[in-house]
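Taking it in order: structure first as structure tokens, then the write-up.
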Amino acid sequence: MNDEPVAVPAADHEAAEPGAVPRAPDARLASAKDPIALGLRRLWAGVEQETVPEDFFRILDDIDARATEADPAANRP
Amino acid sequence: MTAETLTPTTQRVRPAGQPDHEREMRRLLVEIIPSLRAFARGLCGNRDLADDLAQEALAKAWAARNSFQPGTNFRAWIFRILRNHFYTTAVVQKRFISLDPEVAERTLTSLPNQGGELMLEDLQRGLQTLAAEQREALLLMESGMQWNEIAEVTGVPLGTVKSRITRGRAALRRYMDGTPDDAAPAARPG
């Protein structure tokens with residue numbers, strides 16, 4: 001099986017990261033026209049646009065606080 | 001583009017041990033929370049369980065922050081942490097293969113889309129009928145990831161990624177057309 005990426009026209013990957021492996025033309029075309037692909041993107045974007053619960057922002061501080069309690073020497077100069 | 005430039009798919013942090021490393025890592029983690037939630041929601045199909053999963057993945061990533069290799073793909077790194085935790089927890093507790101209660105209720109009272117506009121609720125239900133490895137591949141692709149990034153997250157060859165996407169899309173289309181696939185959801189990719 002040929003797993004190598006297929007080159008795509010510049011317009012299809014103009015926003016891609018330099019050196020990134022582009023999607024094959026058939027996959028991009030299918031995604032662009034496929035209502036299922038569009039629906040999946042809407043599902044994903046809908047979650048991304050939700051307000052992030054405060055729990056997420058507190059969790060890093062909580063972890064750091066616990067780490068400091070467990071190893072007070074870690075914060076000494 | 002310099003090594004310090006941040007992009008959605010390839011984000012850099014300074015080497016571990018440098019003064020700004022933790023601050024940058026923290027910022028990257030905060031920035032990626034919405035995407036983590038989206039990936040978890042797609043995997044779990046349940047808002048509360050997905051947020052639990054995303055928070056657990058965030059905690060794991062923060063705890064393992066010094067193991068992240070600067071110059072590698074941050075997004076792929078943390079998505080891999082999340083999906084590995086998902087599968088580990090799903091196998092042990094079998095708690096993630098369930099629908100959101102509201103969605104489950106609608107599942108009992110409605111049929112898949114029958115020729116009308118594609119309903120996102122149907123799509124969410126359909127996703128949960130897919131084998132887990134197909135579901136995650138489809139989600140990652142429609143999140144904007146490239147094939148090689150999906151392969152990095154899931155730990156399988158490019159050809160396998162392509163196959164899973166093709167089969168997953170076909171199965172989802174059959175579901176949306178009202179001809180569900182026989183395959184049951186799988187907790188662990190084969």
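Residue names in the structure tokens use chain letters A, B, ... in the order shown, residue numbers from 1 in each chain, and ligand numbers from 1 in the order shown.
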Original post:
Taking only C-alpha atoms into account, which residues of chain B are within 6 Å of chain A, as a VMD selection string?
Top reply: chain B and resid 34 to 35 38 142 158 to 159
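Counting from CA of Phe68 in chain B, the distance to CA of Asp48 in chain B is 27.8 Å.
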